[in-house]
>>> print(open('input_14.cif').read())   # mmCIF, C-alpha atoms
data_data
#
loop_
_atom_site.label_atom_id
_atom_site.label_comp_id
_atom_site.auth_asym_id
_atom_site.auth_seq_id
_atom_site.Cartn_x
_atom_site.Cartn_y
_atom_site.Cartn_z
CA MET Z 1 18.10 16.57 -13.69
CA GLU Z 2 20.20 14.96 -16.35
CA GLU Z 3 20.69 16.59 -19.68
CA HIS Z 4 18.53 15.32 -22.48
CA PRO Z 5 20.58 13.87 -25.34
CA GLU Z 6 18.49 15.63 -27.95
CA THR Z 7 18.93 18.97 -26.31
CA ALA Z 8 22.68 19.01 -25.81
CA HIS Z 9 24.35 22.34 -26.25
CA ASN Z 10 24.66 23.35 -29.86
CA PRO Z 11 26.79 26.48 -30.45
CA GLU Z 12 25.08 27.21 -33.78
CA ARG Z 13 21.66 27.26 -32.20
CA PRO Z 14 21.77 28.32 -28.54
CA ALA Z 15 19.17 26.61 -26.44
CA VAL Z 16 18.43 29.87 -24.72
CA GLU Z 17 16.59 30.96 -27.86
CA GLU Z 18 14.37 27.91 -27.60
CA SER Z 19 13.79 28.75 -23.98
CA ALA Z 20 12.85 32.27 -24.79
CA ARG Z 21 10.42 31.07 -27.49
CA GLY Z 22 8.49 28.57 -25.48
CA GLY Z 23 10.50 26.46 -23.09
CA ILE Z 24 9.65 28.62 -20.11
CA PRO Z 25 6.04 28.27 -19.07
CA PRO Z 26 3.89 31.34 -18.66
CA SER Z 27 3.40 32.96 -15.29
CA PRO Z 28 0.77 31.25 -13.18
CA ALA Z 29 -1.00 34.54 -12.63
CA GLY Z 30 -4.68 34.33 -13.41
CA ILE Z 31 -5.13 30.68 -12.45
CA PRO Z 32 -8.52 30.31 -10.80
CA ASN Z 33 -8.19 29.49 -7.13
CA ASP Z 34 -9.97 26.61 -5.39
CA GLY Z 35 -11.61 28.66 -2.68
CA HIS Z 36 -15.14 27.69 -3.61
CA GLU Z 37 -14.50 24.20 -4.89
CA SER Z 38 -15.29 22.44 -1.62
CA ALA Z 39 -18.50 24.43 -1.38
CA LEU Z 40 -19.37 23.41 -4.95
CA VAL Z 41 -18.71 19.77 -4.17
CA ALA Z 42 -20.77 19.99 -0.98
CA ASP Z 43 -23.57 21.53 -3.01
CA ALA Z 44 -23.32 18.73 -5.58
CA ILE Z 45 -23.38 16.12 -2.79
CA ALA Z 46 -26.62 17.64 -1.57
CA GLY Z 47 -28.04 17.22 -5.09
CA GLY Z 48 -27.10 20.52 -6.74
CA ARG Z 49 -27.09 19.85 -10.48
CA ASP Z 50 -25.67 23.24 -11.43
CA ALA Z 51 -22.79 22.78 -9.03
CA PHE Z 52 -22.02 19.38 -10.49
CA GLN Z 53 -22.27 20.67 -14.07
CA HIS Z 54 -19.75 23.34 -13.12
CA LEU Z 55 -17.38 20.68 -11.76
CA TYR Z 56 -17.97 18.63 -14.90
CA ARG Z 57 -16.96 21.47 -17.20
CA LYS Z 58 -13.98 22.28 -14.99
CA TYR Z 59 -12.53 18.78 -14.87
CA PHE Z 60 -13.73 17.23 -18.13
CA ARG Z 61 -10.50 18.05 -19.98
CA LEU Z 62 -8.26 16.73 -17.20
CA ILE Z 63 -10.23 13.49 -16.90
CA SER Z 64 -10.30 13.05 -20.70
CA VAL Z 65 -6.53 13.46 -20.96
CA VAL Z 66 -5.91 11.12 -18.02
CA ILE Z 67 -8.16 8.51 -19.64
CA PHE Z 68 -6.51 8.99 -23.04
CA GLN Z 69 -3.14 8.36 -21.41
CA ARG Z 70 -4.41 4.98 -20.25
CA ILE Z 71 -6.11 3.77 -23.43
CA SER Z 72 -5.31 4.03 -27.11
CA ALA Z 73 -8.78 4.45 -28.56
CA ALA Z 74 -9.36 8.19 -28.72
CA ALA Z 75 -12.89 7.69 -30.01
CA ASP Z 76 -13.96 6.18 -26.70
CA VAL Z 77 -12.36 8.76 -24.43
CA GLU Z 78 -15.25 11.20 -24.45
CA ASP Z 79 -17.74 8.46 -23.61
CA LEU Z 80 -15.55 7.15 -20.83
CA ALA Z 81 -15.06 10.63 -19.41
CA GLN Z 82 -18.81 11.16 -19.40
CA GLU Z 83 -19.31 7.76 -17.81
CA THR Z 84 -16.82 8.75 -15.12
CA PHE Z 85 -18.82 11.85 -14.31
CA LEU Z 86 -22.11 9.93 -14.31
CA HIS Z 87 -20.62 7.45 -11.82
CA ALA Z 88 -19.40 10.39 -9.78
CA TRP Z 89 -22.85 11.98 -9.80
CA ARG Z 90 -24.47 8.77 -8.57
CA GLY Z 91 -21.75 8.09 -6.00
CA LEU Z 92 -21.29 11.63 -4.67
CA PRO Z 93 -23.39 11.00 -1.53
CA GLN Z 94 -20.71 8.50 -0.52
CA LEU Z 95 -17.92 11.08 -0.72
CA ARG Z 96 -17.06 11.96 2.87
CA ASP Z 97 -14.61 14.81 2.37
CA PRO Z 98 -15.46 17.36 -0.37
CA ALA Z 99 -11.79 18.43 -0.42
CA ARG Z 100 -10.89 14.96 -1.75
CA PHE Z 101 -13.11 15.31 -4.83
CA VAL Z 102 -10.33 15.23 -7.44
CA PRO Z 103 -8.48 12.12 -6.19
CA TRP Z 104 -11.87 10.43 -5.80
CA LEU Z 105 -12.79 11.37 -9.38
CA LEU Z 106 -9.44 10.05 -10.64
CA ARG Z 107 -10.09 6.74 -8.87
CA ILE Z 108 -13.48 6.48 -10.57
CA ALA Z 109 -11.84 7.21 -13.94
CA ARG Z 110 -9.31 4.44 -13.32
CA ARG Z 111 -12.11 2.00 -12.50
CA VAL Z 112 -14.09 3.01 -15.59
CA VAL Z 113 -11.02 2.47 -17.78
CA THR Z 114 -10.39 -0.92 -16.17
CA ASP Z 115 -13.99 -1.97 -16.88
CA TRP Z 116 -13.70 -0.69 -20.45
CA ARG Z 117 -10.50 -2.70 -20.98
CA ARG Z 118 -12.17 -5.87 -19.72
CA ALA Z 119 -15.12 -5.29 -22.03
CA ALA Z 120 -12.78 -4.46 -24.92
CA ALA Z 121 -10.82 -7.65 -24.35
CA ARG Z 122 -14.03 -9.57 -24.83
CA ARG Z 123 -14.81 -7.91 -28.14
CA ARG Z 124 -13.58 -9.69 -31.23
CA ASP Z 125 -12.38 -6.66 -33.09
CA ASP Z 126 -10.47 -5.28 -30.15
CA ASP Z 127 -6.97 -5.92 -31.49
CA ARG Z 128 -7.72 -4.38 -34.86
CA ARG Z 129 -9.32 -1.40 -33.23
CA LEU Z 130 -6.39 -0.74 -30.92
CA ALA Z 131 -3.95 -1.16 -33.77
CA ASP Z 132 -5.82 1.43 -35.83
CA ALA Z 133 -6.00 3.89 -33.00
CA PRO Z 134 -2.74 5.81 -33.55
CA ALA Z 135 -4.00 6.84 -36.98
CA ASP Z 136 -6.94 8.49 -35.25
CA GLY Z 137 -7.02 12.23 -35.90
CA GLY Z 138 -4.11 12.04 -38.34
CA ALA Z 139 -1.99 15.13 -38.76
CA PRO Z 140 -1.68 17.06 -42.02
CA ASP Z 141 1.52 16.39 -44.05
CA GLY Z 142 3.33 19.50 -42.84
CA ARG Z 143 2.86 18.56 -39.23
CA ILE Z 144 3.87 14.94 -39.39
CA ALA Z 145 7.16 15.49 -37.56
CA ALA Z 146 5.48 17.41 -34.75
CA ALA Z 147 2.76 14.78 -34.52
CA GLU Z 148 5.39 12.05 -34.33
CA GLU Z 149 7.20 13.94 -31.60
CA GLN Z 150 3.96 14.30 -29.65
CA ALA Z 151 3.12 10.65 -30.16
CA ARG Z 152 6.56 9.71 -28.88
CA MET Z 153 6.08 11.90 -25.80
CA LEU Z 154 2.57 10.52 -25.24
CA ALA Z 155 3.93 6.97 -25.43
CA ALA Z 156 6.62 7.90 -22.90
CA LEU Z 157 4.01 9.46 -20.61
CA ARG Z 158 2.02 6.25 -20.76
CA ARG Z 159 5.02 4.33 -19.52
CA ILE Z 160 5.52 6.24 -16.27
CA PRO Z 161 3.41 5.35 -13.21
CA ASP Z 162 0.00 6.91 -12.70
CA PRO Z 163 0.79 9.29 -9.80
CA TYR Z 164 3.69 10.83 -11.74
CA ARG Z 165 1.67 11.14 -14.93
CA ILE Z 166 -1.18 12.82 -13.10
CA VAL Z 167 0.99 15.49 -11.49
CA LEU Z 168 2.68 16.20 -14.82
CA THR Z 169 -0.72 16.52 -16.47
CA MET Z 170 -2.01 18.84 -13.78
CA ARG Z 171 1.19 20.88 -13.86
CA PHE Z 172 1.74 21.23 -17.61
CA LEU Z 173 -1.80 20.95 -18.95
CA GLU Z 174 -3.74 22.79 -16.29
CA ASP Z 175 -0.78 25.08 -15.42
CA LEU Z 176 -1.26 24.45 -11.72
CA THR Z 177 1.49 25.14 -9.20
CA PRO Z 178 2.54 22.42 -6.72
CA SER Z 179 0.46 24.11 -4.00
CA GLN Z 180 -2.65 24.05 -6.16
CA ILE Z 181 -2.08 20.42 -7.15
CA ALA Z 182 -1.49 19.53 -3.50
CA LEU Z 183 -4.76 21.19 -2.58
CA ARG Z 184 -6.65 19.18 -5.19
CA LEU Z 185 -5.01 15.85 -4.46
CA GLY Z 186 -4.95 16.32 -0.69
CA GLU Z 187 -1.22 15.75 -0.36
CA PRO Z 188 1.63 17.89 1.04
CA ASP Z 189 3.19 20.59 -1.18
CA GLY Z 190 6.67 19.12 -0.82
CA THR Z 191 5.49 15.70 -1.95
CA ILE Z 192 3.96 17.13 -5.10
CA ARG Z 193 7.02 19.29 -5.82
CA ASN Z 194 9.32 16.27 -5.52
CA ARG Z 195 6.97 14.16 -7.58
CA ILE Z 196 7.07 16.67 -10.45
CA PHE Z 197 10.86 16.49 -10.63
CA ARG Z 198 10.95 12.73 -10.24
CA ALA Z 199 8.31 12.40 -12.95
CA LEU Z 200 10.46 14.47 -15.31
CA GLN Z 201 13.46 12.30 -14.49
CA LYS Z 202 11.49 9.13 -15.16
CA LEU Z 203 10.18 10.56 -18.40
CA GLU Z 204 13.66 11.51 -19.50
CA ARG Z 205 14.89 7.99 -18.72
CA VAL Z 206 12.07 6.44 -20.73
CA LEU Z 207 12.79 8.71 -23.69
CA ARG Z 208 16.50 7.99 -23.52
CA ALA Z 209 15.92 4.23 -23.32
CA GLU Z 210 13.59 4.39 -26.29
CA LYS Z 211 16.14 6.36 -28.29
CA ASP Z 212 18.90 3.85 -27.42
CA TRP Z 213 16.63 1.00 -28.43
CA ARG Z 214 15.95 2.53 -31.84
CA ARG Z 215 19.63 2.88 -32.66
CA MET G 1 26.27 17.98 -13.30
CA SER G 2 29.02 17.65 -10.76
CA SER G 3 29.27 19.67 -7.56
CA ARG G 4 33.05 19.65 -8.03
CA ASP G 5 32.71 21.61 -11.26
CA MET G 6 35.10 24.55 -10.78
CA SER G 7 33.39 26.71 -13.40
CA ARG G 8 30.18 26.79 -11.33
CA THR G 9 29.58 30.31 -10.02
CA PRO G 10 26.98 31.68 -7.55
CA ALA G 11 25.06 32.86 -10.59
CA CYS G 12 24.97 29.27 -11.86
CA LYS G 13 23.59 28.12 -8.50
CA ALA G 14 20.96 30.87 -8.66
CA ALA G 15 20.08 29.74 -12.18
CA GLU G 16 19.57 26.16 -11.00
CA ASP G 17 17.26 27.37 -8.22
CA ALA G 18 15.41 29.54 -10.70
CA LEU G 19 15.02 26.57 -13.04
CA ALA G 20 13.39 24.54 -10.27
CA ARG G 21 10.92 27.36 -9.67
CA ILE G 22 10.31 27.80 -13.41
CA VAL G 23 9.52 24.09 -13.78
CA THR G 24 7.04 24.24 -10.91
CA GLY G 25 5.53 27.47 -12.25
CA GLU G 26 6.49 29.47 -9.17
CA ALA G 27 9.04 31.85 -10.72
CA ASP G 28 8.06 35.46 -11.32
CA ALA G 29 8.85 37.43 -14.49
CA ARG G 30 12.04 38.92 -13.07
CA GLU G 31 13.38 35.51 -12.10
CA ARG G 32 12.68 34.16 -15.58
CA GLU G 33 14.41 37.13 -17.22
CA ASP G 34 17.47 36.70 -15.00
CA PHE G 35 17.53 33.01 -15.83
CA CYS G 36 17.40 33.67 -19.58
CA ALA G 37 20.09 36.34 -19.26
CA HIS G 38 22.35 33.91 -17.40
CA LEU G 39 21.84 31.15 -19.95
CA ALA G 40 22.78 33.57 -22.73
CA VAL G 41 26.19 34.25 -21.19
CA CYS G 42 26.94 30.88 -19.54
CA PRO G 43 27.56 28.04 -22.02
CA ARG G 44 27.85 25.57 -19.15
CA CYS G 45 24.34 26.29 -17.83
CA ASN G 46 22.99 26.62 -21.35
CA GLY G 47 24.15 23.10 -22.07
CA ALA G 48 23.18 21.58 -18.74
CA LEU G 49 19.88 23.26 -17.88
CA SER G 50 18.21 24.00 -21.17
CA GLY G 51 17.51 20.26 -21.65
CA VAL G 52 15.03 20.41 -18.79
CA LEU G 53 13.23 23.32 -20.37
CA VAL G 54 13.07 21.57 -23.71
CA LEU G 55 11.68 18.47 -22.01
CA THR G 56 9.00 20.45 -20.17
CA ARG G 57 8.12 22.24 -23.38
CA GLU G 58 7.70 18.93 -25.17
CA VAL G 59 5.56 17.57 -22.35
CA ARG G 60 3.46 20.71 -22.46
CA GLY G 61 3.12 20.42 -26.24
CA ALA G 62 2.14 16.75 -26.14
CA LEU G 63 -0.43 17.36 -23.40
CA ALA G 64 -1.84 20.38 -25.22
CA ALA G 65 -2.14 18.32 -28.41
CA THR G 66 -3.89 15.59 -26.45
CA ALA G 67 -6.24 18.06 -24.83
CA ALA G 68 -7.00 19.59 -28.24
CA ARG G 69 -8.77 16.35 -29.13
CA PHE G 70 -11.28 17.10 -26.38
CA PRO G 71 -11.95 20.80 -26.85
CA GLU G 72 -14.93 21.17 -24.57
CA ALA G 73 -17.19 19.12 -22.44
CA PRO G 74 -20.24 17.84 -24.32
CA PRO G 75 -23.59 18.32 -22.58
CA LEU G 76 -24.09 15.83 -19.78
CA ALA G 77 -27.61 14.76 -18.87
CA LEU G 78 -27.65 13.95 -15.19
CA PRO G 79 -30.14 11.24 -14.24
CA PRO G 80 -32.14 11.75 -11.08
CA ARG G 81 -30.53 10.12 -8.09
CA THR G 82 -32.52 7.17 -6.84
CA ARG G 83 -33.99 7.39 -3.38
CA GLU G 84 -31.52 4.76 -2.24
CA GLN G 85 -28.52 6.73 -3.56
CA ALA G 86 -29.73 9.93 -1.98
CA ALA G 87 -30.54 8.23 1.32
CA ARG G 88 -27.00 7.05 1.72
CA HIS G 89 -26.11 10.49 2.86
CA PRO G 90 -25.80 10.66 5.79
CA GLY G 91 -28.16 8.22 7.54
CA MET G 92 -27.25 5.17 5.48
CA ARG G 93 -23.60 5.86 5.99
CA THR G 94 -24.06 5.95 9.76
CA LEU G 95 -25.91 2.64 9.65
CA THR G 96 -23.18 1.12 7.47
CA ASP G 97 -20.54 2.35 9.89
CA PHE G 98 -22.48 0.92 12.82
CA VAL G 99 -22.85 -2.50 11.15
CA LEU G 100 -19.18 -2.47 10.21
CA LEU G 101 -18.16 -1.62 13.77
CA LEU G 102 -20.50 -4.29 15.14
CA VAL G 103 -19.01 -6.95 12.85
CA LEU G 104 -15.50 -5.87 13.78
CA GLY G 105 -16.35 -5.90 17.49
CA VAL G 106 -17.89 -9.37 17.34
CA GLY G 107 -14.92 -10.63 15.33
CA LEU G 108 -12.49 -9.20 17.86
CA PHE G 109 -14.44 -10.73 20.77
CA LEU G 110 -14.46 -14.16 19.10
CA LEU G 111 -10.74 -13.90 18.45
CA ILE G 112 -9.99 -13.05 22.09
CA ALA G 113 -12.29 -15.84 23.32
CA LEU G 114 -10.62 -18.32 21.02
CA ALA G 115 -7.18 -17.27 22.23
CA PHE G 116 -8.31 -17.58 25.88
CA PHE G 117 -9.78 -21.06 25.45
CA SER G 118 -6.77 -22.23 23.48
CA PHE G 119 -4.49 -21.03 26.26
CA ARG G 120 -6.59 -22.72 28.96
CA THR G 121 -6.69 -25.98 27.03
CA SER G 122 -2.92 -25.85 26.58
CA VAL G 123 -2.36 -25.28 30.30
CA ARG G 124 -4.64 -28.19 31.16
CA ALA G 125 -2.90 -30.45 28.70
CA TYR G 126 0.48 -29.50 30.13
CA ASP G 127 -0.71 -30.23 33.69
CA ALA G 128 -2.06 -33.60 32.55
CA VAL G 129 1.28 -34.47 31.00
CA ARG G 130 3.14 -33.54 34.20
CA THR G 131 0.76 -35.63 36.34
CA PHE G 132 1.18 -38.54 33.95
CA ARG G 133 4.97 -38.28 34.20
CA ALA G 134 4.78 -38.13 38.02
CA VAL G 135 2.56 -41.25 38.23
CA ASN G 136 4.96 -43.18 36.01
CA ALA G 137 7.97 -41.99 38.03
CA THR G 138 6.42 -43.04 41.36
CA ILE G 139 5.62 -46.48 39.90
CA ALA G 140 9.23 -46.87 38.73
CA LEU G 141 10.65 -45.70 42.06
CA THR G 142 8.32 -48.03 44.01
CA HIS G 143 9.52 -50.92 41.87
CA LEU G 144 13.14 -49.98 42.63
CA CYS G 145 12.40 -49.78 46.36
CA ASP G 146 10.79 -53.26 46.25
CA ARG G 147 13.88 -54.66 44.50
CA VAL G 148 16.22 -53.12 47.13
CA ARG G 149 14.07 -54.57 49.90
CA ALA G 150 14.09 -57.99 48.21
CA ARG G 151 17.92 -57.94 48.02
CA ALA G 152 18.42 -57.00 51.70
CA PRO G 153 15.22 -57.73 53.68
CA GLU G 154 16.99 -57.39 57.05
CA ALA G 155 18.29 -53.79 56.45
CA ALA G 156 16.72 -50.73 58.10
CA LEU G 157 14.07 -48.99 56.01
CA GLN G 158 15.94 -45.63 56.07
CA ALA G 159 19.06 -47.33 54.69
CA MET G 160 16.90 -49.00 52.06
CA ALA G 161 15.53 -45.59 51.06
CA SER G 162 19.03 -44.19 50.63
CA ARG G 163 20.03 -47.22 48.58
CA ALA G 164 16.90 -46.89 46.43
CA ARG G 165 17.72 -43.23 45.76
CA LEU G 166 21.23 -44.11 44.62
CA ASP G 167 19.89 -46.86 42.36
CA ALA G 168 17.36 -44.46 40.88
CA LEU G 169 20.05 -41.91 40.08
CA ARG G 170 22.20 -44.61 38.51
CA VAL G 171 19.47 -46.41 36.57
CA LEU G 172 16.95 -43.68 35.71
CA GLY G 173 19.23 -40.64 35.41
CA PRO G 174 20.01 -37.45 37.35
CA ASP G 175 16.42 -36.10 37.20
CA ALA G 176 14.84 -39.30 38.50
CA LEU G 177 14.34 -37.98 42.05
CA THR G 178 12.78 -34.62 41.09
CA ASP G 179 9.10 -34.41 40.16
CA PRO G 180 7.76 -32.27 37.24
CA TRP G 181 7.07 -29.41 39.69
CA GLY G 182 10.68 -29.29 40.85
CA ALA G 183 10.19 -30.92 44.28
CA PRO G 184 11.95 -34.19 45.34
CA TYR G 185 9.93 -37.40 45.38
CA VAL G 186 9.15 -38.51 48.93
CA ILE G 187 10.42 -42.02 49.74
CA ALA G 188 9.24 -42.87 53.26
CA PRO G 189 8.63 -46.04 55.32
CA ALA G 190 5.03 -47.22 55.26
CA GLY G 191 4.58 -50.26 57.46
CA ASP G 192 7.23 -52.84 56.52
CA ARG G 193 8.00 -51.36 53.10
CA LEU G 194 8.89 -48.09 51.35
CA ALA G 195 6.18 -45.90 49.78
CA VAL G 196 6.86 -43.30 47.11
CA HIS G 197 4.80 -40.20 46.27
CA SER G 198 5.14 -36.76 44.70
CA THR G 199 4.04 -33.65 46.61
CA GLY G 200 2.05 -32.58 43.52
CA PRO G 201 1.42 -29.16 42.04
CA ASP G 202 1.25 -27.41 45.44
CA ARG G 203 4.65 -28.88 46.48
CA ALA G 204 3.29 -29.51 50.00
CA ASP G 205 3.68 -32.99 51.44
CA ALA G 206 0.26 -34.29 52.54
CA GLY G 207 1.55 -37.82 53.17
CA GLY G 208 0.15 -39.17 49.94
CA ALA G 209 -3.26 -37.49 50.35
CA GLY G 210 -4.70 -34.29 48.85
CA ASP G 211 -3.08 -33.39 45.55
CA ASP G 212 -0.10 -35.69 46.21
CA ILE G 213 0.52 -38.18 43.43
CA THR G 214 1.04 -41.83 44.28
CA PRO G 215 1.49 -44.90 42.06
CA ARG G 216 -2.24 -45.48 42.42
CA SER G 217 -3.22 -41.97 41.26
CA THR G 218 -5.13 -41.74 38.01
CA ALA G 219 -3.45 -39.74 35.29
CA PRO G 220 -5.96 -37.35 33.67
CA SER G 221 -6.95 -38.14 30.11
CA LEU G 222 -5.71 -35.73 27.43
CA CYS G 223 -8.72 -36.61 25.31
CA THR G 224 -11.61 -34.97 27.16
CA SER G 225 -14.22 -35.03 24.42
CA ARG G 226 -14.90 -38.74 24.28
CA GLN G 227 -13.46 -41.99 25.47
CA THR G 228 -11.80 -44.33 23.06
CA PRO G 229 -14.36 -47.08 22.44
CA SER G 230 -13.27 -50.52 23.50
CA HIS G 231 -12.74 -52.93 20.69
CA ARG G 232 -15.15 -55.82 20.51
CA PRO G 233 -14.32 -58.67 18.19
CA ARG G 234 -17.16 -59.70 15.88
CA ARG G 235 -18.79 -62.92 16.55
#
>>> encode(input="input_14.cif", output="structure tokens")
Amino acid sequence: MEEHPETAHNPERPAVEESARGGIPPSPAGIPNDGHESALVADAIAGGRDAFQHLYRKYFRLISVVIFQRISAAADVEDLAQETFLHAWRGLPQLRDPARFVPWLLRIARRVVTDWRRAAARRRDDDRRLADAPADGGAPDGRIAAAEEQARMLAALRRIPDPYRIVLTMRFLEDLTPSQIALRLGEPDGTIRNRIFRALQKLERVLRAEKDWRR
Amino acid sequence: MSSRDMSRTPACKAAEDALARIVTGEADAREREDFCAHLAVCPRCNGALSGVLVLTREVRGALAATAARFPEAPPLALPPRTREQAARHPGMRTLTDFVLLLVLGVGLFLLIALAFFSFRTSVRAYDAVRTFRAVNATIALTHLCDRVRARAPEAALQAMASRARLDALRVLGPDALTDPWGAPYVIAPAGDRLAVHSTGPDRADAGGAGDDITPRSTAPSLCTSRQTPSHRPRR
């Protein structure tokens, strides 16, 4: 991993302090395991509403964030996330392998976003609406710098390919280990582990390119 | 960072491994403490590795801020599944699979049949072309034999045949005496003149009968579907 230009060693302010404050993620202890997830999905396929509501509450945040990373209009994210789950509920009988629930759900979310974009392109006020979107949920004065930093990172995240963005989201939002992500996405551990590092490299490159461009 | 860096110690290597495990969330508390302790005493690692931690912290912060916009899932009213949706599992799926397999099977059969008939048509066309070439060659050789006989009517027929062969090689080229199946054309006395024929596809000389090809043989038509209509001038 290359060193980030903004985080180069500064003798007056050792980076280790930053690390100690928050750079190092918490231990993964306490993360719920996926032992019963396949059973829940199978139950939902058979028509179990409670099982599906459980899955909905479990994955709503992940799906919302993934959708928000693909569109700019935060106001529509909740609706689109709900629409994704409604599609999933209707289409669940077609899901062959309950263990593939998460990648299947992510595919539905991608399709819902694509449909939304097509519909939005047809609307007259689309451009104005998208342009106004970054002001959505504006930060208080004291937090403007942090909000700008987060917006910059969000923009960078939007510029890396979907598979990389999804593993980063599952790793750093849901605090899942590569094994847990691999279990959910149905891919080998090693693939996920490599993808996390490559995603960070891509993100760093995007951030660096953006910084060079601003100079 | 360069592997040729002389200041890199085993502790630095351990710190890099620990960083990889910290990023993937697989490091335990002891490993994280050791990592922090190493960074505190090693300016090289502090400069090189802490950037990754800062980046992951920023990613974590941005994702957490994004997720904070969607604090909890609003109630979701699930509509009843229609009978059709529910029936898709598993019976409908089996039927769909069966239809899909049937369509694929029929498609594959048609493809193989088409390939077979195309091959057979090609073989037939090639045979027709070879027969056509053999008929034309026997006509040309017969014409040469008649010319030789006209020049020296008193010569023996065997000598005439040899002379006709030489003329054919000279006039028509080195392949003039070999038929399309690789056998030599037969030039033999027939009454008071020379007759020419090819031994045909079976390469067996039947004296101009059977599948042998003579100047009077009919070359097969390449156009089997319909004959070309004869042209009749309008009155």
>>> resolve_selection(input="input_14.cif", expression="the PyMOL selection byres ((chain G) within 7 of (chain Z))", output="ChimeraX atom specification")
/G:22,24-26,28,36,39-40,46-54,56-57,59-60,62-64,66-67,70,73,78,81,85-86,88-89
>>> atom_distance(input="input_14.cif", atom1="atom CA of Asp167 of chain G", atom2="atom CA of Gly208 of chain G")
22.5 Å
>>> resolve_selection(input="input_14.cif", expression="the PyMOL selection byres ((chain Z and resi 164) around 8)", output="number ranges by chain")
Z: 160-163, 165-168, 195-196, 198-199
>>> atom_distance(input="input_14.cif", atom1="atom CA of Asp50 of chain Z", atom2="atom CA of Ala109 of chain Z")
21.3 Å
>>> residues_around(input="input_14.cif", residues="Leu106 of chain Z", least_positions_apart="4", cutoff="9 Å", atoms="all atoms listed in the file", output="list in words")
Ile63, Val66, Thr84, Phe101, Val102, Arg110 and Arg111 of chain Z
>>> closest_residue(input="input_14.cif", among="Z:Ala99, Z:Ala119, Z:Ile71, Z:Ala51", to="Ile181 of chain Z", atoms="only C-alpha atoms")
Z:Ala99
>>> atom_distance(input="input_14.cif", atom1="atom CA of Asn136 of chain G", atom2="atom CA of Glu154 of chain G")
28.1 Å
>>> closest_residue(input="input_14.cif", among="G:Ala134, G:Gly191, G:Arg163, G:Arg149", to="Ala176 of chain G", atoms="all atoms listed in the file")
G:Ala134
>>> closest_residue(input="input_14.cif", among="G:Ala18, G:Ala219, G:Ala113, G:Leu101", to="Asp127 of chain G", atoms="all atoms listed in the file")
G:Ala219
>>> axis_aligned_box(input="input_14.cif", around="segment 36-53 of chain G", padding_each_side="3 Å", output="JSON")
{"center_x": 20.5, "center_y": 28.3, "center_z": -20.1, "size_x": 20.6, "size_y": 22.1, "size_z": 11.3}
>>> resolve_selection(input="input_14.cif", expression="the PyMOL selection byres ((chain G and resi 12) around 12)", output="ChimeraX atom specification")
/G:1,3,5-11,13-19,34-49
>>> residues_around(input="input_14.cif", residues="Cys145 of chain G", least_positions_apart="4", cutoff="9 Å", atoms="only C-alpha atoms", output="mmCIF file with C-alpha atoms, keeping the file's coordinate frame")
data_model
loop_
_atom_site.group_PDB
_atom_site.id
_atom_site.type_symbol
_atom_site.label_atom_id
_atom_site.label_comp_id
_atom_site.auth_asym_id
_atom_site.auth_seq_id
_atom_site.Cartn_x
_atom_site.Cartn_y
_atom_site.Cartn_z
ATOM 1 C CA ALA G 140 9.230 -46.870 38.730
ATOM 2 C CA LEU G 141 10.650 -45.700 42.060
ATOM 3 C CA ARG G 149 14.070 -54.570 49.900
ATOM 4 C CA ALA G 150 14.090 -57.990 48.210
ATOM 5 C CA MET G 160 16.900 -49.000 52.060
ATOM 6 C CA ALA G 161 15.530 -45.590 51.060
ATOM 7 C CA ARG G 163 20.030 -47.220 48.580
ATOM 8 C CA ALA G 164 16.900 -46.890 46.430
ATOM 9 C CA ARG G 165 17.720 -43.230 45.760
ATOM 10 C CA ASP G 167 19.890 -46.860 42.360
ATOM 11 C CA ILE G 187 10.420 -42.020 49.740
ATOM 12 C CA ARG G 193 8.000 -51.360 53.100
ATOM 13 C CA LEU G 194 8.890 -48.090 51.350
ATOM 14 C CA ALA G 195 6.180 -45.900 49.780
ATOM 15 C CA VAL G 196 6.860 -43.300 47.110
#
>>> build_atoms(input="input_14.cif", residues="segment 187-193 of chain Z", atoms="N, CA and C atoms", output="CSV table (one decimal), in the frame of the given file")
chain,number,residue,atom,x,y,z
Z,187,GLU,N,-2.5,16.2,-0.8
Z,187,GLU,CA,-1.2,15.8,-0.4
Z,187,GLU,C,-0.3,17.0,0.0
Z,188,PRO,N,0.8,16.7,0.7
Z,188,PRO,CA,1.6,17.9,1.0
Z,188,PRO,C,2.3,18.5,-0.2
Z,189,ASP,N,2.5,19.8,-0.1
Z,189,ASP,CA,3.2,20.6,-1.2
Z,189,ASP,C,4.5,19.9,-1.6
Z,190,GLY,N,5.3,19.6,-0.5
Z,190,GLY,CA,6.7,19.1,-0.8
Z,190,GLY,C,6.6,17.8,-1.6
Z,191,THR,N,5.6,17.0,-1.3
Z,191,THR,CA,5.5,15.7,-2.0
Z,191,THR,C,5.2,15.9,-3.4
Z,192,ILE,N,4.3,16.9,-3.7
Z,192,ILE,CA,4.0,17.1,-5.1
Z,192,ILE,C,5.2,17.7,-5.9
Z,193,ARG,N,5.9,18.7,-5.2
Z,193,ARG,CA,7.0,19.3,-5.8
Z,193,ARG,C,8.1,18.2,-6.2
